[in-house]
>>> print(open('run.cif').read())   # mmCIF, C-alpha atoms
data_entry
loop_
_atom_site.label_atom_id
_atom_site.label_comp_id
_atom_site.auth_asym_id
_atom_site.auth_seq_id
_atom_site.Cartn_x
_atom_site.Cartn_y
_atom_site.Cartn_z
CA MET R 17 7.53 -22.10 -39.97
CA ASN R 18 9.05 -19.53 -42.26
CA TYR R 19 11.01 -21.94 -44.39
CA VAL R 20 7.83 -23.86 -45.25
CA LEU R 21 5.49 -20.95 -45.74
CA ASN R 22 7.46 -18.15 -47.26
CA ASP R 23 4.73 -16.42 -49.18
CA ARG R 24 2.83 -13.61 -47.58
CA GLU R 25 -0.70 -14.93 -47.65
CA SER R 26 0.19 -18.16 -45.91
CA ALA R 27 2.09 -16.26 -43.21
CA LYS R 28 -1.03 -14.20 -42.64
CA ILE R 29 -3.13 -17.31 -42.18
CA VAL R 30 -0.60 -18.76 -39.77
CA GLU R 31 -0.59 -15.51 -37.83
CA PHE R 32 -4.37 -15.60 -37.68
CA ILE R 33 -4.36 -19.13 -36.31
CA LYS R 34 -1.66 -18.23 -33.80
CA ASN R 35 -3.63 -15.23 -32.56
CA PHE R 36 -6.79 -17.30 -32.36
CA ALA R 37 -4.99 -19.79 -30.15
CA ARG R 38 -3.42 -17.12 -28.01
CA LYS R 39 -6.60 -15.22 -27.36
CA ASN R 40 -8.48 -18.36 -26.41
CA SER R 41 -6.06 -19.56 -23.80
CA LEU R 42 -5.17 -16.71 -21.51
CA TRP R 43 -3.32 -17.91 -18.46
CA VAL R 44 -3.34 -15.27 -15.78
CA LEU R 45 -0.52 -15.08 -13.31
CA ALA R 46 -1.86 -15.61 -9.80
CA TYR R 47 -0.51 -12.36 -8.48
CA GLY R 48 -2.26 -9.36 -7.06
CA THR R 49 -1.26 -5.98 -5.75
CA GLY R 50 -3.45 -3.51 -3.94
CA CYS R 51 -7.15 -3.82 -3.32
CA GLY R 52 -8.17 -5.00 -6.79
CA ALA R 53 -6.93 -8.49 -6.11
CA ILE R 54 -10.12 -9.05 -4.14
CA GLU R 55 -12.11 -8.81 -7.37
CA ILE R 56 -10.20 -11.71 -8.89
CA PRO R 57 -11.63 -14.58 -6.79
CA PRO R 58 -15.26 -13.84 -7.77
CA THR R 59 -14.17 -13.32 -11.37
CA MET R 60 -12.46 -16.67 -11.48
CA THR R 61 -14.90 -18.73 -9.42
CA SER R 62 -18.44 -19.90 -10.02
CA ARG R 63 -20.30 -16.59 -9.81
CA TYR R 64 -18.69 -14.94 -12.84
CA ASP R 65 -16.65 -17.92 -14.02
CA ALA R 66 -14.02 -16.37 -16.23
CA GLU R 67 -13.06 -19.78 -17.53
CA ARG R 68 -16.10 -19.54 -19.81
CA PHE R 69 -14.11 -16.88 -21.64
CA SER R 70 -10.97 -19.01 -21.67
CA VAL R 71 -9.27 -17.12 -18.86
CA ARG R 72 -7.67 -19.17 -16.13
CA GLY R 73 -4.97 -18.99 -13.53
CA ALA R 74 -1.32 -19.94 -13.78
CA ALA R 75 0.98 -20.55 -10.90
CA THR R 76 4.31 -19.17 -12.05
CA PRO R 77 5.41 -16.31 -14.31
CA ARG R 78 6.99 -18.69 -16.79
CA GLN R 79 3.65 -20.39 -17.38
CA ALA R 80 1.56 -17.25 -17.57
CA ASP R 81 0.45 -15.03 -20.45
CA VAL R 82 -1.28 -12.21 -18.64
CA LEU R 83 -0.04 -10.11 -15.74
CA LEU R 84 -2.69 -8.25 -13.81
CA ILE R 85 -1.70 -5.15 -11.90
CA THR R 86 -4.68 -4.98 -9.61
CA GLY R 87 -4.59 -1.53 -8.08
CA TYR R 88 -1.96 0.62 -6.48
CA LEU R 89 1.62 -0.46 -6.92
CA SER R 90 4.23 0.57 -4.40
CA VAL R 91 7.81 1.08 -5.43
CA LYS R 92 8.84 -1.99 -3.49
CA THR R 93 6.30 -4.10 -5.36
CA LEU R 94 7.23 -2.55 -8.67
CA LYS R 95 10.58 -4.28 -8.35
CA ARG R 96 8.88 -7.66 -8.00
CA VAL R 97 6.49 -6.87 -10.82
CA ILE R 98 9.33 -6.04 -13.19
CA ARG R 99 11.06 -9.28 -12.34
CA SER R 100 7.88 -11.29 -12.80
CA TYR R 101 7.11 -9.56 -16.06
CA GLU R 102 10.55 -10.13 -17.49
CA GLN R 103 10.43 -13.82 -16.64
CA MET R 104 7.20 -14.35 -18.54
CA GLN R 105 7.35 -15.98 -21.95
CA ASP R 106 6.42 -14.10 -25.09
CA PRO R 107 3.77 -13.18 -26.00
CA LYS R 108 2.72 -11.61 -22.74
CA TYR R 109 0.09 -9.05 -21.88
CA VAL R 110 -0.50 -6.63 -19.04
CA ILE R 111 -3.84 -5.39 -17.76
CA GLY R 112 -3.90 -2.37 -15.45
CA PHE R 113 -6.75 -2.26 -12.98
CA GLY R 114 -8.39 0.77 -11.55
CA SER R 115 -7.61 4.43 -11.38
CA CYS R 116 -4.44 3.86 -9.34
CA THR R 117 -2.59 2.39 -12.29
CA ILE R 118 -3.98 4.97 -14.68
CA ASN R 119 -3.23 8.15 -12.81
CA GLY R 120 -2.49 7.54 -9.17
CA GLY R 121 -6.09 7.28 -8.05
CA MET R 122 -6.75 8.06 -4.43
CA TYR R 123 -3.07 7.48 -3.67
CA TRP R 124 -2.03 10.35 -5.91
CA ASP R 125 -0.07 12.11 -3.16
CA SER R 126 1.46 9.02 -1.61
CA TYR R 127 5.23 8.99 -1.50
CA ASN R 128 5.46 5.29 -2.15
CA THR R 129 3.10 4.35 -4.98
CA ILE R 130 3.61 4.86 -8.68
CA LYS R 131 1.19 7.05 -10.58
CA GLN R 132 1.39 5.87 -14.18
CA LEU R 133 1.94 2.19 -14.73
CA ASP R 134 2.80 2.44 -18.41
CA LEU R 135 6.00 4.33 -17.66
CA TYR R 136 7.45 1.18 -16.13
CA ILE R 137 5.89 -1.76 -17.95
CA PRO R 138 3.83 -1.70 -21.16
CA VAL R 139 0.09 -1.93 -20.59
CA ASP R 140 -2.23 -3.40 -23.19
CA VAL R 141 -5.58 -2.75 -21.55
CA TYR R 142 -6.61 -0.44 -18.76
CA ILE R 143 -9.81 -1.10 -16.85
CA ASN R 144 -11.05 1.96 -15.06
CA GLY R 145 -13.00 2.07 -11.85
CA CYS R 146 -12.13 2.04 -8.20
CA MET R 147 -12.29 -0.91 -8.04
CA PRO R 148 -13.58 -2.41 -11.29
CA ARG R 149 -16.33 -4.92 -10.67
CA PRO R 150 -15.94 -8.43 -12.06
CA GLU R 151 -18.15 -7.48 -15.02
CA ALA R 152 -15.68 -4.74 -15.89
CA VAL R 153 -12.79 -7.18 -15.46
CA LEU R 154 -14.45 -9.57 -17.88
CA ALA R 155 -15.04 -6.72 -20.31
CA GLY R 156 -11.34 -5.91 -20.01
CA PHE R 157 -10.41 -9.47 -20.83
CA ALA R 158 -12.78 -9.40 -23.80
CA LYS R 159 -11.10 -6.23 -25.02
CA LEU R 160 -7.70 -7.86 -24.63
CA GLN R 161 -8.85 -10.87 -26.62
CA GLU R 162 -10.15 -8.60 -29.33
CA LEU R 163 -6.79 -6.81 -29.49
CA ILE R 164 -4.89 -10.10 -29.59
CA GLY R 165 -7.15 -11.36 -32.34
CA ARG R 166 -6.35 -8.29 -34.38
CA GLY R 167 -2.66 -8.61 -33.54
CA GLN R 168 -2.56 -5.27 -31.78
CA ALA R 169 -1.64 -6.29 -28.26
CA ASN R 170 2.04 -5.77 -28.81
CA GLY R 171 3.14 -4.34 -25.50
CA TRP R 172 5.79 -7.04 -25.04
CA ARG R 173 7.37 -6.18 -28.38
CA HIS R 174 7.24 -2.51 -27.50
CA TYR R 175 8.99 -3.27 -24.22
CA LYS R 176 11.87 -5.03 -25.95
CA GLU R 177 12.27 -2.29 -28.53
CA ASN R 178 12.18 0.54 -25.97
CA LEU R 179 13.95 -1.24 -23.15
CA GLU R 180 16.30 1.69 -22.57
CA TRP R 181 13.45 4.09 -22.01
CA TYR R 182 11.65 1.75 -19.62
CA ARG R 183 14.87 1.00 -17.74
CA GLN R 184 15.52 4.70 -17.32
CA ASN R 185 12.10 5.22 -15.75
CA GLN R 186 12.47 2.15 -13.56
CA ARG R 187 15.90 3.10 -12.32
CA LYS R 188 14.64 6.53 -11.35
CA LEU R 189 12.46 4.94 -8.69
CA ILE R 190 14.41 1.83 -7.77
CA LYS R 191 17.53 3.37 -6.36
CA ASN R 192 19.51 0.32 -5.43
CA TRP R 193 19.28 -1.51 -8.74
CA LYS R 194 20.20 -5.15 -8.25
CA MET R 195 18.16 -6.85 -10.93
CA PRO R 196 19.15 -9.74 -13.16
CA ASP R 197 19.40 -9.06 -16.88
CA TYR R 198 17.20 -11.38 -18.87
CA ASN R 199 17.90 -11.80 -22.52
CA TRP R 200 14.91 -13.07 -24.28
CA MET V 15 -23.77 5.93 34.50
CA ALA V 16 -20.84 3.73 33.86
CA ASP V 17 -19.09 2.07 36.71
CA LEU V 18 -15.58 3.48 36.85
CA THR V 19 -14.37 1.84 40.06
CA TYR V 20 -11.64 -0.24 38.50
CA GLU V 21 -10.48 2.63 36.33
CA ASN V 22 -10.15 4.85 39.40
CA LYS V 23 -8.48 2.05 41.30
CA VAL V 24 -5.81 1.79 38.61
CA ILE V 25 -5.13 5.51 38.85
CA LEU V 26 -5.03 5.49 42.62
CA GLU V 27 -2.67 2.57 42.73
CA MET V 28 -0.36 4.08 40.16
CA ARG V 29 -0.39 7.43 41.98
CA GLU V 30 0.37 5.73 45.24
CA HIS V 31 3.23 3.73 43.85
CA PHE V 32 4.85 6.24 41.54
CA ARG V 33 3.79 9.55 43.13
CA ASP V 34 5.08 12.47 41.03
CA LYS V 35 6.66 10.26 38.39
CA ILE V 36 3.23 9.93 36.83
CA ILE V 37 2.58 13.37 35.43
CA GLU V 38 -0.99 13.25 34.30
CA THR V 39 -3.75 10.72 34.86
CA ARG V 40 -7.34 10.69 33.77
CA VAL V 41 -10.14 8.35 32.88
CA GLN V 42 -10.88 9.19 29.29
CA ARG V 43 -14.01 7.10 29.18
CA GLU V 44 -15.30 3.80 30.37
CA ARG V 45 -12.55 1.18 30.16
CA ARG V 46 -9.89 3.64 29.06
CA VAL V 47 -7.30 5.18 31.39
CA VAL V 48 -4.69 7.63 30.16
CA MET V 49 -1.49 8.46 31.98
CA ARG V 50 1.68 10.28 31.15
CA THR V 51 5.14 9.65 32.45
CA SER V 52 8.70 10.64 31.64
CA LYS V 53 11.25 8.87 29.50
CA ASP V 54 13.32 7.67 32.47
CA ASN V 55 10.38 6.02 34.23
CA ILE V 56 8.61 4.41 31.33
CA GLU V 57 10.24 1.01 31.76
CA SER V 58 9.38 0.76 35.45
CA VAL V 59 5.83 1.98 34.83
CA LEU V 60 5.26 -0.59 32.09
CA LEU V 61 6.84 -3.38 34.15
CA PHE V 62 4.69 -2.46 37.14
CA LEU V 63 1.55 -2.41 35.01
CA LYS V 64 2.41 -5.80 33.58
CA GLU V 65 3.65 -7.64 36.65
CA LYS V 66 1.56 -6.15 39.44
CA MET V 67 -1.58 -4.75 37.84
CA GLY V 68 -2.23 -7.51 35.34
CA PHE V 69 -2.02 -5.53 32.11
CA LEU V 70 -0.51 -8.52 30.40
CA HIS V 71 -1.02 -7.60 26.78
CA LEU V 72 0.65 -4.88 24.75
CA SER V 73 -1.85 -3.97 22.04
CA HIS V 74 0.04 -1.31 20.20
CA ILE V 75 2.74 1.31 20.34
CA GLY V 76 1.97 4.45 18.45
CA CYS V 77 3.78 7.67 17.82
CA VAL V 78 2.43 11.18 17.41
CA ASP V 79 4.52 13.93 15.90
CA TRP V 80 3.91 17.22 17.71
CA MET V 81 6.10 19.25 15.42
CA GLU V 82 5.10 22.67 16.77
CA GLU V 83 5.92 21.67 20.34
CA ASN V 84 9.10 19.97 19.22
CA ARG V 85 8.32 16.55 20.66
CA PHE V 86 7.32 13.05 19.73
CA GLU V 87 4.69 11.40 21.86
CA ILE V 88 4.97 7.63 22.13
CA VAL V 89 1.77 5.93 23.24
CA TYR V 90 1.86 2.43 24.72
CA ILE V 91 -1.56 0.79 24.73
CA LEU V 92 -1.95 -2.03 27.25
CA TRP V 93 -4.86 -4.37 27.80
CA HIS V 94 -6.06 -6.10 30.92
CA PRO V 95 -7.53 -9.46 29.86
CA GLN V 96 -9.57 -10.02 33.04
CA GLU V 97 -10.90 -6.55 33.76
CA LYS V 98 -11.13 -5.60 30.08
CA ILE V 99 -9.50 -2.25 30.51
CA ASN V 100 -7.10 -0.34 28.28
CA VAL V 101 -4.32 1.79 29.68
CA LEU V 102 -2.63 4.35 27.48
CA VAL V 103 0.80 5.32 28.73
CA LYS V 104 2.21 8.37 27.00
CA VAL V 105 5.82 9.48 26.92
CA ASP V 106 7.27 12.63 25.40
CA ILE V 107 10.67 12.54 23.79
CA ASP V 108 12.72 15.30 22.27
CA ARG V 109 12.18 15.70 18.56
CA LEU V 110 15.69 16.84 17.75
CA ASN V 111 17.34 13.97 19.57
CA PRO V 112 14.72 11.22 19.41
CA VAL V 113 16.00 8.44 21.64
CA ALA V 114 13.64 6.21 23.59
CA PRO V 115 14.21 3.18 25.82
CA ASN V 116 13.78 -0.20 24.23
CA ILE V 117 11.11 -2.34 25.88
CA ASP V 118 11.18 -5.50 23.82
CA TYR V 119 12.40 -7.50 26.81
CA ILE V 120 9.04 -6.83 28.45
CA TRP V 121 6.95 -7.72 25.42
CA PRO V 122 8.79 -9.29 22.46
CA GLN V 123 6.21 -7.97 20.01
CA ALA V 124 7.33 -4.44 20.84
CA ASN V 125 10.34 -5.10 18.66
CA THR V 126 8.27 -4.84 15.47
CA TYR V 127 6.56 -1.63 16.54
CA GLU V 128 9.86 -0.09 17.50
CA ARG V 129 11.44 -1.02 14.22
CA GLU V 130 8.51 0.55 12.45
CA MET V 131 8.87 3.75 14.44
CA ARG V 132 12.59 3.78 13.79
CA GLU V 133 11.88 3.60 10.08
CA MET V 134 8.87 5.87 9.86
CA PHE V 135 9.81 8.54 12.43
CA GLY V 136 13.55 8.13 12.84
CA ILE V 137 13.31 7.40 16.56
CA GLU V 138 16.28 5.46 17.90
CA PHE V 139 15.60 2.86 20.57
CA GLU V 140 18.53 2.07 22.83
CA GLY V 141 19.87 -1.36 22.04
CA LEU V 142 17.17 -2.31 19.55
CA VAL V 143 18.20 -5.33 17.50
CA GLY V 144 16.76 -5.96 14.05
CA PRO V 145 17.24 -5.00 10.42
CA ARG V 146 16.86 -1.30 9.77
CA GLU V 147 14.44 -1.83 6.92
CA LEU V 148 10.98 -3.04 7.76
CA ILE V 149 8.56 -1.78 5.13
CA LEU V 150 10.48 0.66 2.97
CA GLU V 151 13.32 -0.29 0.66
CA ASP V 152 16.36 1.83 -0.10
CA TRP V 153 14.82 4.87 1.50
CA ASP V 154 17.29 7.75 1.72
CA ASP V 155 15.02 10.71 2.42
CA LEU V 156 13.55 11.96 5.70
CA PRO V 157 11.51 9.33 7.56
CA PRO V 158 8.21 9.62 5.71
CA MET V 159 5.78 9.76 8.64
CA ARG V 160 7.41 12.86 10.10
CA ARG V 161 5.30 15.89 9.55
CA ASP V 162 8.16 17.93 8.14
CA PHE V 163 8.51 15.43 5.30
CA ASP V 164 6.72 17.14 2.43
CA THR V 165 4.89 14.28 0.71
CA LEU V 166 3.44 16.35 -2.07
CA HIS V 167 6.80 17.86 -2.94
CA TYR V 168 8.36 14.39 -2.98
CA VAL V 169 5.60 13.09 -5.24
CA MET V 170 5.93 15.98 -7.66
CA GLU V 171 9.67 15.42 -7.85
CA ASN V 172 9.66 11.68 -8.35
CA TYR V 173 6.46 10.90 -10.21
CA SER V 174 4.58 12.39 -13.08
CA PHE V 175 0.88 12.60 -13.79
CA ARG V 176 -1.04 12.08 -16.95
CA SER V 177 -2.68 15.29 -18.00
CA GLY V 178 -6.36 15.68 -17.31
CA ARG V 179 -6.18 14.98 -13.63
CA GLU V 180 -7.92 17.57 -11.46
CA ASP V 181 -8.03 17.07 -7.74
CA ALA V 182 -9.93 18.60 -4.86
CA GLN V 183 -12.97 19.43 -6.89
CA ASN V 184 -16.42 19.88 -5.56
CA VAL V 185 -18.02 16.79 -7.02
CA ARG V 186 -21.56 17.92 -6.38
CA GLU V 187 -20.94 21.22 -8.12
CA VAL V 188 -19.23 19.64 -11.12
CA ILE V 189 -22.15 17.28 -11.69
CA ALA V 190 -24.64 20.10 -11.23
CA ASN V 191 -22.80 22.31 -13.72
CA ARG V 192 -22.72 19.53 -16.27
CA THR V 193 -26.48 19.23 -16.32
CA GLY V 194 -27.28 22.86 -15.56
CA GLU V 195 -28.88 21.88 -12.29
CA GLU V 196 -29.24 24.40 -9.49
CA ILE V 197 -28.09 23.25 -6.05
CA PRO V 198 -30.72 24.16 -3.46
CA GLU V 199 -29.67 26.30 -0.54
CA PHE V 200 -30.04 23.60 2.11
CA ALA V 201 -27.83 21.20 0.13
CA LYS V 202 -24.97 23.66 -0.24
CA LYS V 203 -23.63 23.09 3.24
CA TYR V 204 -23.16 19.43 2.48
CA SER V 205 -21.05 20.03 -0.60
CA ARG V 206 -17.43 20.79 -0.09
#
>>> encode(input="run.cif", output="structure tokens")
Amino acid sequence: MNYVLNDRESAKIVEFIKNFARKNSLWVLAYGTGCGAIEIPPTMTSRYDAERFSVRGAATPRQADVLLITGYLSVKTLKRVIRSYEQMQDPKYVIGFGSCTINGGMYWDSYNTIKQLDLYIPVDVYINGCMPRPEAVLAGFAKLQELIGRGQANGWRHYKENLEWYRQNQRKLIKNWKMPDYNW
Amino acid sequence: MADLTYENKVILEMREHFRDKIIETRVQRERRVVMRTSKDNIESVLLFLKEKMGFLHLSHIGCVDWMEENRFEIVYILWHPQEKINVLVKVDIDRLNPVAPNIDYIWPQANTYEREMREMFGIEFEGLVGPRELILEDWDDLPPMRRDFDTLHYVMENYSFRSGREDAQNVREVIANRTGEEIPEFAKKYSR
């Protein structure tokens, strides 16, 4: 694109169109951790019907745009989450559900769940609640769309730029580090 | 008044057959019989219950950590499908040298429970086959379900909290203070 449209204004317009397209086709990875995953079926199916807001499911990480961390995340699952997240194509977004991802929630003194999700993967939107109801989930998606539209949901870029810092936090918990290196 | 004839019959029969090898027997309530035996006799007791008394189903194996008394208590919960009665067989093992007999030749599903106890309490079962990791991954600390494993200390060492988190608050009081409400005397005993 750049060699055709090299002046600034045109690039802006292209960016606007790109963001418009991105925010109106959010494919959510069919993956759930913890108890919040139970709120996803009503959100996606006929009662709340998230597809009205252009949110729908995707089967594999490579097809998905949005990764939902639905509730508490154990260290064992964190490993799988990191692998799924790194396989996803840019641009990609993360939504953290519930108080567990924000600050440990009711599992705050558990030896095996993480307390702050954004130390390990970048989070664009947090939805609070324990658990958030489907209305809150839809509000979270609306917020994410708003951020994408404004070009502010840049967690994936932040992750690439600060990979060292994230890796350091991840390695602190995952002792036996046998993860593939993806280069994007 | 509940009819406890079968419960008492179980106890009588076990007493008769095992005599002093059964240390303690009682009917805890309707359809629940508790008995205690020693580590050496547990296999024969369980086999007898299964083959002769008809307690065909092993529901669960649990473990209790009696740290102060320096013992682990393993509880085998059996179920009689016809008479609808549970039997709890308890065994004490030494906490410092936790070795228990393996019973997965009696009930194959015991293998999973024993692997879980091996991981969570550090109890070794003689001749137990199976991967050492069941639920945890790369765990190199004390077995986490032991009571001398300090969970809070582990959490504070390995994780960090966002500021602003305050735990163990009296929710009722916090809400009342926010609005200047006075908690009536009778309601105080319900708030923590």
>>> resolve_selection(input="run.cif", expression="the PyMOL selection byres ((chain R and resi 162) around 12)", output="list in words")
Asn35, Phe36, Arg38, Lys39, Asn40, Phe69, Asp140, Val141, Ala155, Gly156, Phe157, Ala158, Lys159, Leu160, Gln161, Leu163, Ile164, Gly165, Arg166, Gly167, Gln168 and Ala169 of chain R
>>> closest_residue(input="run.cif", among="V:Asn184, V:Asn84, V:Asn116, V:Asn55", to="Lys202 of chain V", atoms="all atoms listed in the file")
V:Asn184
>>> closest_atom_pairs(input="run.cif", of="chain R", to="chain V", cutoff="8 Å", atoms="only C-alpha atoms", output="JSON lines")
{"residue": "R:Lys92", "atom": "CA", "partner": "V:Glu151", "partner_atom": "CA", "distance": 6.3}
{"residue": "R:Asn119", "atom": "CA", "partner": "V:Arg176", "partner_atom": "CA", "distance": 6.1}
{"residue": "R:Gly120", "atom": "CA", "partner": "V:Phe175", "partner_atom": "CA", "distance": 7.6}
{"residue": "R:Asp125", "atom": "CA", "partner": "V:Leu166", "partner_atom": "CA", "distance": 5.6}
{"residue": "R:Ser126", "atom": "CA", "partner": "V:Thr165", "partner_atom": "CA", "distance": 6.7}
{"residue": "R:Tyr127", "atom": "CA", "partner": "V:Val169", "partner_atom": "CA", "distance": 5.6}
{"residue": "R:Ile130", "atom": "CA", "partner": "V:Tyr173", "partner_atom": "CA", "distance": 6.9}
{"residue": "R:Lys131", "atom": "CA", "partner": "V:Phe175", "partner_atom": "CA", "distance": 6.4}
{"residue": "R:Gln132", "atom": "CA", "partner": "V:Phe175", "partner_atom": "CA", "distance": 6.8}
{"residue": "R:Lys188", "atom": "CA", "partner": "V:Asn172", "partner_atom": "CA", "distance": 7.8}
{"residue": "R:Leu189", "atom": "CA", "partner": "V:Asn172", "partner_atom": "CA", "distance": 7.3}
{"residue": "R:Ile190", "atom": "CA", "partner": "V:Asp152", "partner_atom": "CA", "distance": 7.9}
{"residue": "R:Lys191", "atom": "CA", "partner": "V:Asp152", "partner_atom": "CA", "distance": 6.6}
{"residue": "R:Asn192", "atom": "CA", "partner": "V:Asp152", "partner_atom": "CA", "distance": 6.4}
>>> residues_near_point(input="run.cif", point="(-1.6, -20.2, -9.9)", cutoff="10 Å", atoms="only C-alpha atoms", output="VMD selection string")
chain R and resid 43 to 47 72 to 77 79 to 80
>>> resolve_selection(input="run.cif", expression="the PyMOL selection byres ((chain R and resi 176-185) around 10)", output="list in words")
Glu102, Asp134, Leu135, Tyr136, Ile137, Pro138, Gly171, Trp172, Arg173, His174, Tyr175, Gln186, Arg187, Lys188, Leu189, Ile190, Asn199 and Trp200 of chain R; Tyr173 of chain V
>>> closest_residue(input="run.cif", among="V:Gly76, V:Pro95, V:Pro112, V:Pro122", to="Glu140 of chain V", atoms="only C-alpha atoms")
V:Pro112
>>> atom_distance(input="run.cif", atom1="atom CA of Phe113 of chain R", atom2="atom CA of Thr86 of chain R")
4.8 Å
>>> residues_around(input="run.cif", residues="segment 60-73 of chain V", least_positions_apart="5", cutoff="10 Å", atoms="only C-alpha atoms", output="number ranges by chain")
V: 24, 27-28, 31-32, 55, 90-103, 117, 120-124
>>> resolve_selection(input="run.cif", expression="the PyMOL selection byres ((chain V and resi 85) around 10)", output="list in words")
Val78, Asp79, Trp80, Met81, Glu82, Glu83, Asn84, Phe86, Glu87, Ile88, Val105, Asp106, Ile107, Asp108, Arg109, Leu110, Asn111 and Pro112 of chain V
>>> atom_distance(input="run.cif", atom1="atom CA of Lys194 of chain R", atom2="atom CA of Leu94 of chain R")
13.2 Å
>>> closest_residue(input="run.cif", among="R:Cys146, R:Ile118, R:Ile111, R:Met104", to="Arg78 of chain R", atoms="only C-alpha atoms")
R:Met104
>>> atom_distance(input="run.cif", atom1="atom CA of Glu180 of chain V", atom2="atom CA of Gly121 of chain R")
11.0 Å
>>> closest_residue(input="run.cif", among="R:Leu84, R:Pro107, R:Pro196, R:Ala152", to="Lys34 of chain R", atoms="all atoms listed in the file")
R:Pro107
>>> residues_around(input="run.cif", residues="Ser41 of chain R", least_positions_apart="4", cutoff="7 Å", atoms="only C-alpha atoms", output="ChimeraX atom specification")
/R:37,70-71
>>> write_last_selection(input="run.cif", atoms="C-alpha atoms", output="PDB file, keeping the file's coordinate frame")
ATOM      1  CA  ALA R  37      -4.990 -19.790 -30.150  1.00  0.00           C
ATOM      2  CA  SER R  70     -10.970 -19.010 -21.670  1.00  0.00           C
ATOM      3  CA  VAL R  71      -9.270 -17.120 -18.860  1.00  0.00           C
TER       4      VAL R  71
END
>>> residues_around(input="run.cif", residues="Glu44 of chain V", least_positions_apart="2", cutoff="7 Å", atoms="only C-alpha atoms", output="PyMOL selection string")
chain V and resi 16+18+46
